[in-house]
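Visitor: Pasting in a structure now, in structure tokens, and then I'll have a few things to ask.
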Amino acid sequence: MTPELMQAGARTRQAMEEKKNAGAGSSGGRQHSYSRVVTPGELDVAHGAILYLDDITVSFDGFKALNALSLNISAGELRCIIGPNGAGKTTMMDVITGKTRPDVGKAFFGSTIDLLRMRENEIASVGIGRKFQKPTVFEQLSVFENLELALKGDRGVKQSMFFRLNSEQADRIGDMLKLIHLKDSAQRTAGLLSHGQKQWLEIGMLLMQDPKLLLLDEPVAGMTDEETERTAELFLSLEGNHSLVVVEHDMKFIHELTRDNPAKKVTVLHEGSVLAEGSLADVQANEKVVEVYLGR
Ligand SMILES: Nc1ncnc2c1ncn2[C@@H]1O[C@H](COP(=O)(O)OP(=O)(O)OP(=O)(O)O)[C@@H](O)[C@H]1O
């Protein structure tokens with residue numbers, strides 16, 4: 001071994017030792033007793049939950065839009081949330097994404113990321129993507145360009161100008177076009193797409209940023225039956241790799257999302273709290289649910 005190599009080896013060992021000691025200082029030496037070391041700010045779903053809301057209350061001039069709401073979503077889960085108008089579904093999404101601050105309660109992404117201490121843009125950057133009801137794509141650009149833009153993410157203007165797709169990125173866009181059923185429309189101007197196709201494109205744009213949790217607000221509103229079915233297929237194909245929270249009024253769509261697994265959990269919100277939670281059959285048979293929602 002040459003002296004240079006020996007010196008390089010010594011430097012590497014010293015750096016490793018310093019890193020180990022620094023880690024011991026910041027975590028109280030816990031990595032000696034636990035095999036898993038969690039990096040601050042990194043999503044940790046080792047305990048199973050990707051989203052944990054506890055006792056969240058949001059008041060508007062004394063009116064409680066959310067009233068001690070608690071909700072747990074597991075990593076990889078597809079959870080449907082239903083509830084009558086005014087139940088608090090949008091307010092719940094607003095709390096998760098940092099748009100609205102609750103009066104009290106806890107909201108964690110994984111077991112370590114405290115959402116209530118973060119701004120909206122920070123929450124988006126740790127991996128929570130939100131799809132609003134209305135599609136918001138860049139109408140003048142092609143489908144491909146929309147996805148390309150989403151891939152660029154929040155690079156600065158100058159970096160975006162000089163951004164060139166590498167082959168891996170071009171492949172990712174190709175795969176996404178297939179997934180969202182827009183392969184044949186890649187060069188089409190987005191403004192010319194049908195409502196359903198625009199919704200898929202926007203979902204594709206969200207997915208290009210690889211969110212860990214997707215919040216989808218009435219994604220099939222205004223879609224044809226065929227588009228609704230395809231959307232259900234798309235969401236089911238994402239389940240497992242992503243976690244999805246789907247707020248929806250369309251019961252046919254909820255049926256399609258739960259058909260492969262009838263035990264899949266559905267949550268019913270009412271007056272800012274969870275009224276019922278269980279399989280679709282269970283919540284549909286629940287008298288309180290029938291009274292406030294399904295029986296209307
Ligand atoms: N900014 C606000 N100021 C006052 N009241 C509000 C505000 N935002 C929501 N609310 C009220 O809080 C309650 C819950 O509203 P939210 O929009 O969360 O319900 P929702 O379940 O999403 O309803 P929908 O299905 O109609 O969209 C409603 O009574 C609503 O009027």
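Simple scheme: letters A, B, ... for chains in structure tokens order, numbers from 1 for residues in each chain, numbers from 1 for ligands in the order shown.
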Just want the 7 Å neighbourhood of Ala65 of chain A, counted on only C-alpha atoms, with same-chain residues fewer than 6 positions away dropped. Output as a PyMOL selection string.
Guide: chain A and resi 58-59+88+91+271-272
Visitor: With ligand 1 as the partner and 8 Å as the cut-off, tabulate the residues of chain A that qualify, each row holding the nearest pair of atoms and their distance in Å to one decimal, using only C-alpha atoms and all ligand atoms, sorted by chain and rising number, as JSON lines.
Guide:
{"residue": "A:Ser59", "atom": "CA", "partner": "ligand 1", "partner_atom_place_in_ligand_line": "5 (N)", "distance": 7.9}
{"residue": "A:Phe60", "atom": "CA", "partner": "ligand 1", "partner_atom_place_in_ligand_line": "4 (C)", "distance": 4.8}
{"residue": "A:Asp61", "atom": "CA", "partner": "ligand 1", "partner_atom_place_in_ligand_line": "4 (C)", "distance": 7.0}
{"residue": "A:Phe63", "atom": "CA", "partner": "ligand 1", "partner_atom_place_in_ligand_line": "5 (N)", "distance": 7.2}
{"residue": "A:Lys64", "atom": "CA", "partner": "ligand 1", "partner_atom_place_in_ligand_line": "12 (O)", "distance": 6.9}
{"residue": "A:Ala65", "atom": "CA", "partner": "ligand 1", "partner_atom_place_in_ligand_line": "12 (O)", "distance": 4.0}
{"residue": "A:Leu66", "atom": "CA", "partner": "ligand 1", "partner_atom_place_in_ligand_line": "14 (C)", "distance": 7.1}
{"residue": "A:Gly83", "atom": "CA", "partner": "ligand 1", "partner_atom_place_in_ligand_line": "21 (O)", "distance": 6.2}
{"residue": "A:Pro84", "atom": "CA", "partner": "ligand 1", "partner_atom_place_in_ligand_line": "25 (O)", "distance": 5.8}
{"residue": "A:Asn85", "atom": "CA", "partner": "ligand 1", "partner_atom_place_in_ligand_line": "26 (O)", "distance": 3.5}
{"residue": "A:Gly86", "atom": "CA", "partner": "ligand 1", "partner_atom_place_in_ligand_line": "19 (O)", "distance": 3.4}
{"residue": "A:Ala87", "atom": "CA", "partner": "ligand 1", "partner_atom_place_in_ligand_line": "21 (O)", "distance": 3.7}
{"residue": "A:Gly88", "atom": "CA", "partner": "ligand 1", "partner_atom_place_in_ligand_line": "18 (O)", "distance": 3.2}
{"residue": "A:Lys89", "atom": "CA", "partner": "ligand 1", "partner_atom_place_in_ligand_line": "21 (O)", "distance": 3.8}
{"residue": "A:Thr90", "atom": "CA", "partner": "ligand 1", "partner_atom_place_in_ligand_line": "22 (O)", "distance": 3.7}
{"residue": "A:Thr91", "atom": "CA", "partner": "ligand 1", "partner_atom_place_in_ligand_line": "18 (O)", "distance": 3.7}
{"residue": "A:Met92", "atom": "CA", "partner": "ligand 1", "partner_atom_place_in_ligand_line": "18 (O)", "distance": 6.4}
{"residue": "A:His249", "atom": "CA", "partner": "ligand 1", "partner_atom_place_in_ligand_line": "25 (O)", "distance": 7.6}
{"residue": "A:Leu269", "atom": "CA", "partner": "ligand 1", "partner_atom_place_in_ligand_line": "21 (O)", "distance": 7.5}
{"residue": "A:His270", "atom": "CA", "partner": "ligand 1", "partner_atom_place_in_ligand_line": "21 (O)", "distance": 7.8}
{"residue": "A:Glu271", "atom": "CA", "partner": "ligand 1", "partner_atom_place_in_ligand_line": "14 (C)", "distance": 7.4}
{"residue": "A:Gly272", "atom": "CA", "partner": "ligand 1", "partner_atom_place_in_ligand_line": "14 (C)", "distance": 6.9}
Visitor: Could you turn the residues from that selection into a file that holds N, CA and C atoms, as a CSV table (one decimal), in the first residue's frame?
Guide:
chain,number,residue,atom,x,y,z
A,59,SER,N,-61.5,26.8,14.7
A,59,SER,CA,-62.7,27.7,14.8
A,59,SER,C,-62.7,28.9,13.9
A,60,PHE,N,-63.8,29.2,13.3
A,60,PHE,CA,-64.0,30.4,12.6
A,60,PHE,C,-65.0,31.2,13.3
A,61,ASP,N,-64.6,32.3,13.9
A,61,ASP,CA,-65.5,33.2,14.7
A,61,ASP,C,-66.4,32.3,15.7
A,63,PHE,N,-67.3,29.3,15.5
A,63,PHE,CA,-67.9,28.1,14.9
A,63,PHE,C,-66.8,27.0,14.6
A,64,LYS,N,-67.0,25.8,15.1
A,64,LYS,CA,-65.9,24.8,15.0
A,64,LYS,C,-66.1,24.0,13.7
A,65,ALA,N,-65.2,24.4,12.7
A,65,ALA,CA,-65.2,23.7,11.4
A,65,ALA,C,-64.6,22.3,11.6
A,66,LEU,N,-63.6,22.2,12.5
A,66,LEU,CA,-63.1,20.9,12.9
A,66,LEU,C,-63.2,20.9,14.5
A,83,GLY,N,-68.6,12.6,3.6
A,83,GLY,CA,-69.3,13.5,4.6
A,83,GLY,C,-70.1,14.5,3.9
A,84,PRO,N,-71.2,14.9,4.5
A,84,PRO,CA,-72.0,15.9,3.9
A,84,PRO,C,-71.4,17.3,3.7
A,85,ASN,N,-72.0,18.2,3.0
A,85,ASN,CA,-71.4,19.5,2.8
A,85,ASN,C,-71.2,20.1,4.2
A,86,GLY,N,-70.1,20.8,4.3
A,86,GLY,CA,-69.8,21.5,5.6
A,86,GLY,C,-69.3,20.6,6.7
A,87,ALA,N,-69.0,19.3,6.4
A,87,ALA,CA,-68.5,18.4,7.4
A,87,ALA,C,-67.1,18.7,7.9
A,88,GLY,N,-66.3,19.5,7.1
A,88,GLY,CA,-65.0,19.9,7.5
A,88,GLY,C,-63.9,19.2,6.7
A,89,LYS,N,-64.2,18.6,5.5
A,89,LYS,CA,-63.3,17.9,4.7
A,89,LYS,C,-62.2,18.8,4.2
A,90,THR,N,-62.6,20.0,3.6
A,90,THR,CA,-61.7,20.9,3.0
A,90,THR,C,-60.8,21.5,4.1
A,91,THR,N,-61.4,21.8,5.2
A,91,THR,CA,-60.7,22.4,6.4
A,91,THR,C,-59.6,21.5,6.8
A,92,MET,N,-59.9,20.2,6.9
A,92,MET,CA,-59.0,19.2,7.3
A,92,MET,C,-57.8,19.2,6.3
A,249,HIS,N,-67.7,12.7,-3.0
A,249,HIS,CA,-69.1,12.6,-2.7
A,249,HIS,C,-69.7,11.4,-3.6
A,269,LEU,N,-66.9,11.9,7.9
A,269,LEU,CA,-66.8,13.1,8.8
A,269,LEU,C,-68.2,13.8,8.9
A,270,HIS,N,-68.4,14.4,10.0
A,270,HIS,CA,-69.6,15.1,10.2
A,270,HIS,C,-69.4,16.1,11.3
A,271,GLU,N,-69.8,17.4,11.1
A,271,GLU,CA,-69.6,18.5,12.0
A,271,GLU,C,-68.2,18.5,12.6
A,272,GLY,N,-67.2,18.3,11.7
A,272,GLY,CA,-65.8,18.5,12.1
A,272,GLY,C,-65.2,17.4,12.9
Visitor: In Å, with one decimal, what is the gap from atom CA of Ile123 of chain A to atom CA of Pro135 of chain A?
Guide: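 Rounded to one decimal, the two atoms are 20.9 Å apart.
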Visitor: Running DSSP on the backbone, which parts of segment 91-164 of chain A land in alpha helix (DSSP H), as a ChimeraX atom specification?
Guide: /A:91-96,120-125,143-152,157-161
Visitor: Would you give me, as a tab-separated table, each residue of segment 185-283 of chain A having an atom within 6 Å of an atom of segment 136-143 of chain A, along with its shortest atom pair and that distance in Å to one decimal, using only C-alpha atoms and sorting by chain and residue number?
Guide:
residue	atom	partner	partner_atom	distance
A:Ala186	CA	A:Val143	CA	5.0
A:Gln187	CA	A:Ser142	CA	5.2
A:Arg188	CA	A:Ser142	CA	5.1
A:Thr189	CA	A:Ser142	CA	4.1
A:Ala190	CA	A:Glu139	CA	4.8
A:Gly191	CA	A:Glu139	CA	4.0
Visitor: Write a file of the selected residues as a PDB file, in the first residue's frame, keeping N, CA and C atoms.
Guide:
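What landed in result.pdb:
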ATOM      1  N   ALA A 186     -49.629  13.369 -25.952  1.00  0.00           N
ATOM      2  CA  ALA A 186     -48.445  14.033 -25.384  1.00  0.00           C
ATOM      3  C   ALA A 186     -48.196  15.417 -25.982  1.00  0.00           C
ATOM      4  N   GLN A 187     -48.416  15.561 -27.286  1.00  0.00           N
ATOM      5  CA  GLN A 187     -48.107  16.853 -27.921  1.00  0.00           C
ATOM      6  C   GLN A 187     -49.317  17.767 -28.028  1.00  0.00           C
ATOM      7  N   ARG A 188     -50.438  17.317 -27.497  1.00  0.00           N
ATOM      8  CA  ARG A 188     -51.658  18.118 -27.548  1.00  0.00           C
ATOM      9  C   ARG A 188     -51.583  19.285 -26.582  1.00  0.00           C
ATOM     10  N   THR A 189     -52.184  20.393 -26.968  1.00  0.00           N
ATOM     11  CA  THR A 189     -52.245  21.532 -26.055  1.00  0.00           C
ATOM     12  C   THR A 189     -53.185  21.161 -24.901  1.00  0.00           C
ATOM     13  N   ALA A 190     -52.730  21.393 -23.691  1.00  0.00           N
ATOM     14  CA  ALA A 190     -53.500  20.932 -22.526  1.00  0.00           C
ATOM     15  C   ALA A 190     -54.902  21.542 -22.491  1.00  0.00           C
ATOM     16  N   GLY A 191     -55.026  22.773 -22.989  1.00  0.00           N
ATOM     17  CA  GLY A 191     -56.323  23.454 -22.983  1.00  0.00           C
ATOM     18  C   GLY A 191     -57.375  22.717 -23.807  1.00  0.00           C
TER      19      GLY A 191
END
Visitor: Can you list, as an mmCIF file with C-alpha atoms, in the first residue's frame, every protein, DNA or RNA residue that comes within 7 Å of Ala276 of chain A when you count only C-alpha atoms, leaving out same-chain residues fewer than 4 positions away?
Guide:
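As a result, out_15.cif now contains:
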data_model
loop_
_atom_site.group_PDB
_atom_site.id
_atom_site.type_symbol
_atom_site.label_atom_id
_atom_site.label_comp_id
_atom_site.auth_asym_id
_atom_site.auth_seq_id
_atom_site.Cartn_x
_atom_site.Cartn_y
_atom_site.Cartn_z
ATOM 1 C CA THR A 267 -64.023 7.550 7.127
ATOM 2 C CA VAL A 268 -67.197 9.584 7.534
ATOM 3 C CA VAL A 283 -70.409 2.727 7.414
#
Visitor: Hey, which of A:Asn72, A:Thr112, A:Ser194, A:Asn166 ends up closest to Asp44 of chain A? Count only C-alpha atoms.
Guide: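 Distance minimum relative to Asp44 of chain A lands on A:Thr112.
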Visitor: Nearest to Glu287 of chain A among A:Glu233, A:Leu275, A:Ile203, A:Tyr52, with distances taken over only C-alpha atoms: which residue is it?
Guide: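 Closest residue, counting only C-alpha atoms: A:Leu275.
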Visitor: Can you tell me, as a count of residues only, what residues are no more than 7 Å from segment 214-220 of chain A when counting only C-alpha atoms, ignoring any on the same chain fewer than 4 positions away?
Guide: 14
